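J.: Below you will find the structure I want to go over with you.
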Amino acid sequence: GKALFTTNCAGCHQATGQGVPGAFPPLANHVGTLLAAQGGRAYVEHVVLYGLNGKISVNGKTYNGVMPAFGQLKDADLAAILNYVSTSWGNKLPKGQKPFTAADLAKYRQDKKTPAQVNALRPKTVK
Ligand code: HEM
C-alpha cells in the first residue's frame, strides 16, 4: 500500500498525507472521519476509481480542484492504497469496518461515475 501511495498519490497529497493548503486536501487525520460518515466508505472507493471535482470542504477550508481517476490500477492495488491511507497519519478504520478488499472495489466498477457524480456521493456531514 505504501509504495503504491508514494507512486500514485503522494505527488499531490504528499508523503505525510498533509496535502497542500488551498490545492490538495489533506488525507491525514481526515480519511478516518470520511469513512465513519454515512456513505463515506463507498464515496472514498469511488474517488479512487473515478476521480473527483467540484467544491469540497475539509476542516473548514474549501477546495475546488480536480483529482484524476485511478481506475487503471487493479482492484487489489486500490484496496492496498486505501488500507494504507485509512491506517496512516492519525487515520484508523472505524470500529466494525473491515479492511478494503479487491471485491469491494470491483463492486463499483460497474457504476461508471463522472468526477462530478462522485462529488455528489460525498457525505454532507463532513465539512
Ligand atoms: C481529493 C485520495 C491522488 C488531487 C481526494 C479525496 C481522497 C483522495 C480520499 C477526497 C477528500 C475529501 O472528500 O475530503 C487520493 C488517493 C490518491 C490520490 C488515495 C492516489 C490513488 C491524487 C492525485 C492528485 C489528487 C495524484 C493530483 C493530481 C486531489 C484533489 C482533490 C482530491 C485536487 C480535491 C478535489 C476537489 O476539490 O473536488 N483525494 N488521491 N489526488 N485529490 Fe486525491
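For the C-alpha cells, the naming scheme is as follows: chains receive sequential letters (A, B, ...) according to their order of presentation, residues are indexed from 1 within each chain, and ligands are indexed from 1 in presentation order.
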Write out as an MDAnalysis selection string the residues lying within 7 Å of range 9-15 of chain A, counting only C-alpha atoms and excluding same-chain residues fewer than 3 positions away.

T.: chainID A and resid 5:6 18:20 24:27

J.: Take the residues from that selection and write them out as an mmCIF file, in the first residue's frame, keeping C-alpha atoms.

T.:
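Final output, saved to result-v1.cif:
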data_model
loop_
_atom_site.group_PDB
_atom_site.id
_atom_site.type_symbol
_atom_site.label_atom_id
_atom_site.label_comp_id
_atom_site.auth_asym_id
_atom_site.auth_seq_id
_atom_site.Cartn_x
_atom_site.Cartn_y
_atom_site.Cartn_z
ATOM 1 C CA PHE A 5 0.573 5.506 -2.467
ATOM 2 C CA THR A 6 4.023 7.006 -2.971
ATOM 3 C CA GLN A 18 -0.899 16.588 4.787
ATOM 4 C CA GLY A 19 -1.781 17.751 1.267
ATOM 5 C CA VAL A 20 -1.030 21.290 0.123
ATOM 6 C CA PHE A 24 -4.692 19.374 -2.443
ATOM 7 C CA PRO A 25 -6.755 18.397 0.601
ATOM 8 C CA PRO A 26 -5.159 16.550 3.499
ATOM 9 C CA LEU A 27 -5.796 12.852 3.947
#

J.: Please list as a list of chain:residue names every residue within 10 Å of range 74-76 of chain A, counting only C-alpha atoms and excluding residues in the same chain fewer than 5 positions away.

T.: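 The residues satisfying every condition are A:Gly1, A:Leu49, A:Ile81, A:Leu82, A:Phe100, A:Thr101, A:Ala102, A:Ala103, A:Asp104, A:Leu105, A:Ala106, A:Lys107, A:Tyr108, A:Arg109.
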
J.: Now that the selection is made, can you save its residues with C-alpha atoms as an mmCIF file, in the first residue's frame?

T.:
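File written: again.cif
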data_model
loop_
_atom_site.group_PDB
_atom_site.id
_atom_site.type_symbol
_atom_site.label_atom_id
_atom_site.label_comp_id
_atom_site.auth_asym_id
_atom_site.auth_seq_id
_atom_site.Cartn_x
_atom_site.Cartn_y
_atom_site.Cartn_z
ATOM 1 C CA GLY A 1 0.000 0.000 0.000
ATOM 2 C CA LEU A 49 -11.897 4.690 -9.200
ATOM 3 C CA ILE A 81 -3.737 2.046 -1.168
ATOM 4 C CA LEU A 82 -6.977 2.628 0.758
ATOM 5 C CA PHE A 100 -10.713 -2.893 1.918
ATOM 6 C CA THR A 101 -10.621 -5.851 -0.454
ATOM 7 C CA ALA A 102 -10.378 -6.154 -4.226
ATOM 8 C CA ALA A 103 -14.001 -7.316 -4.202
ATOM 9 C CA ASP A 104 -15.073 -4.028 -2.554
ATOM 10 C CA LEU A 105 -13.589 -2.058 -5.429
ATOM 11 C CA ALA A 106 -14.834 -4.460 -8.098
ATOM 12 C CA LYS A 107 -18.383 -3.825 -6.906
ATOM 13 C CA TYR A 108 -18.183 -0.185 -8.021
ATOM 14 C CA ARG A 109 -16.502 -0.768 -11.376
#

J.: Return as a list of chain:residue names every polymer residue, whether protein, DNA or RNA, with at least one atom no more than 6 Å from an atom of ligand 1; count only C-alpha atoms and all ligand atoms.

T.: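 So the residues close to ligand 1 are A:Phe5, A:Asn8, A:Cys9, A:Gly11, A:Cys12, A:Phe24, A:Pro25, A:Val44, A:Val48, A:Leu52, A:Asn53, A:Gly54, A:Lys55, A:Ile56, A:Val58, A:Tyr63, A:Asn64, A:Gly65, A:Val66, A:Met67, A:Pro68, A:Phe70.
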
J.: Go through range 22-102 of chain A and collect every residue that DSSP, computed from the backbone, puts in strand (DSSP E or B); the answer should be as a ChimeraX atom specification.

T.: /A:24,52-53,56-58,61-63,66-67

J.: Using CA of Ala69 in chain A and CA of Lys92 in chain A as the two end points, give the distance in Å to one decimal.

T.: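 Taking CA of Ala69 in chain A as the start and CA of Lys92 in chain A as the end point, the length is 23.8 Å.
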
J.: Separation of CA of Thr33 in chain A and CA of Lys98 in chain A, in Å?

T.: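 Separating CA of Thr33 in chain A from CA of Lys98 in chain A is a distance of 15.4 Å.
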
J.: Which parts of chain A does DSSP call helix (DSSP H, G or I) when run on the backbone here, written out as a PDB file with C-alpha atoms, in the first residue's frame?

T.:
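Final output, saved to selection.pdb:
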ATOM      1  CA  LYS A   2       2.680   2.490   0.970  1.00  0.00           C
ATOM      2  CA  ALA A   3       4.706   2.036  -2.223  1.00  0.00           C
ATOM      3  CA  LEU A   4       1.595   2.402  -4.392  1.00  0.00           C
ATOM      4  CA  PHE A   5       0.573   5.506  -2.467  1.00  0.00           C
ATOM      5  CA  THR A   6       4.023   7.006  -2.971  1.00  0.00           C
ATOM      6  CA  THR A   7       3.890   6.409  -6.717  1.00  0.00           C
ATOM      7  CA  ASN A   8       0.292   7.418  -7.368  1.00  0.00           C
ATOM      8  CA  ALA A  10       1.968  11.444  -2.801  1.00  0.00           C
ATOM      9  CA  GLY A  11       2.755  13.868  -5.614  1.00  0.00           C
ATOM     10  CA  CYS A  12      -0.390  15.775  -4.651  1.00  0.00           C
ATOM     11  CA  HIS A  13      -1.394  14.637  -1.158  1.00  0.00           C
ATOM     12  CA  VAL A  31      -9.935   9.902   5.887  1.00  0.00           C
ATOM     13  CA  GLY A  32     -10.968   8.126   9.106  1.00  0.00           C
ATOM     14  CA  THR A  33     -13.630  10.821   9.529  1.00  0.00           C
ATOM     15  CA  LEU A  34     -14.848  10.352   5.962  1.00  0.00           C
ATOM     16  CA  LEU A  35     -15.046   6.580   6.473  1.00  0.00           C
ATOM     17  CA  ALA A  36     -17.025   6.963   9.682  1.00  0.00           C
ATOM     18  CA  GLY A  40     -18.191   7.558   3.365  1.00  0.00           C
ATOM     19  CA  ARG A  41     -16.666   4.219   2.549  1.00  0.00           C
ATOM     20  CA  ALA A  42     -18.428   3.953  -0.805  1.00  0.00           C
ATOM     21  CA  TYR A  43     -17.509   7.590  -1.516  1.00  0.00           C
ATOM     22  CA  VAL A  44     -13.773   7.051  -0.927  1.00  0.00           C
ATOM     23  CA  GLU A  45     -13.821   3.950  -3.137  1.00  0.00           C
ATOM     24  CA  HIS A  46     -15.493   5.978  -5.899  1.00  0.00           C
ATOM     25  CA  VAL A  47     -12.931   8.786  -5.535  1.00  0.00           C
ATOM     26  CA  VAL A  48     -10.027   6.500  -6.406  1.00  0.00           C
ATOM     27  CA  LEU A  49     -11.897   4.690  -9.200  1.00  0.00           C
ATOM     28  CA  TYR A  50     -13.348   7.754 -10.938  1.00  0.00           C
ATOM     29  CA  ASP A  75      -8.791  -3.531  -7.661  1.00  0.00           C
ATOM     30  CA  ALA A  76      -6.283  -5.171  -5.309  1.00  0.00           C
ATOM     31  CA  ASP A  77      -3.875  -2.238  -5.693  1.00  0.00           C
ATOM     32  CA  LEU A  78      -6.609   0.318  -4.983  1.00  0.00           C
ATOM     33  CA  ALA A  79      -7.625  -1.710  -1.926  1.00  0.00           C
ATOM     34  CA  ALA A  80      -3.995  -1.744  -0.721  1.00  0.00           C
ATOM     35  CA  ILE A  81      -3.737   2.046  -1.168  1.00  0.00           C
ATOM     36  CA  LEU A  82      -6.977   2.628   0.758  1.00  0.00           C
ATOM     37  CA  ASN A  83      -5.827   0.278   3.532  1.00  0.00           C
ATOM     38  CA  TYR A  84      -2.599   2.252   3.825  1.00  0.00           C
ATOM     39  CA  VAL A  85      -4.335   5.643   3.809  1.00  0.00           C
ATOM     40  CA  ALA A 102     -10.378  -6.154  -4.226  1.00  0.00           C
ATOM     41  CA  ALA A 103     -14.001  -7.316  -4.202  1.00  0.00           C
ATOM     42  CA  ASP A 104     -15.073  -4.028  -2.554  1.00  0.00           C
ATOM     43  CA  LEU A 105     -13.589  -2.058  -5.429  1.00  0.00           C
ATOM     44  CA  ALA A 106     -14.834  -4.460  -8.098  1.00  0.00           C
ATOM     45  CA  LYS A 107     -18.383  -3.825  -6.906  1.00  0.00           C
ATOM     46  CA  TYR A 108     -18.183  -0.185  -8.021  1.00  0.00           C
ATOM     47  CA  PRO A 115     -15.872  13.004 -11.123  1.00  0.00           C
ATOM     48  CA  ALA A 116     -18.818  15.385 -10.551  1.00  0.00           C
ATOM     49  CA  GLN A 117     -21.144  12.470  -9.752  1.00  0.00           C
ATOM     50  CA  VAL A 118     -18.557  11.248  -7.249  1.00  0.00           C
ATOM     51  CA  ASN A 119     -18.690  14.670  -5.582  1.00  0.00           C
ATOM     52  CA  ALA A 120     -22.447  14.201  -5.127  1.00  0.00           C
TER      53      ALA A 120
END

J.: For Arg122 in chain A, which residue out of A:Thr87, A:Gln97, A:Gly39, A:Leu73 is the nearest one, using only C-alpha atoms?

T.: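 Going through A:Thr87, A:Gln97, A:Gly39, A:Leu73 one by one, the smallest distance to Arg122 in chain A is for A:Gly39.
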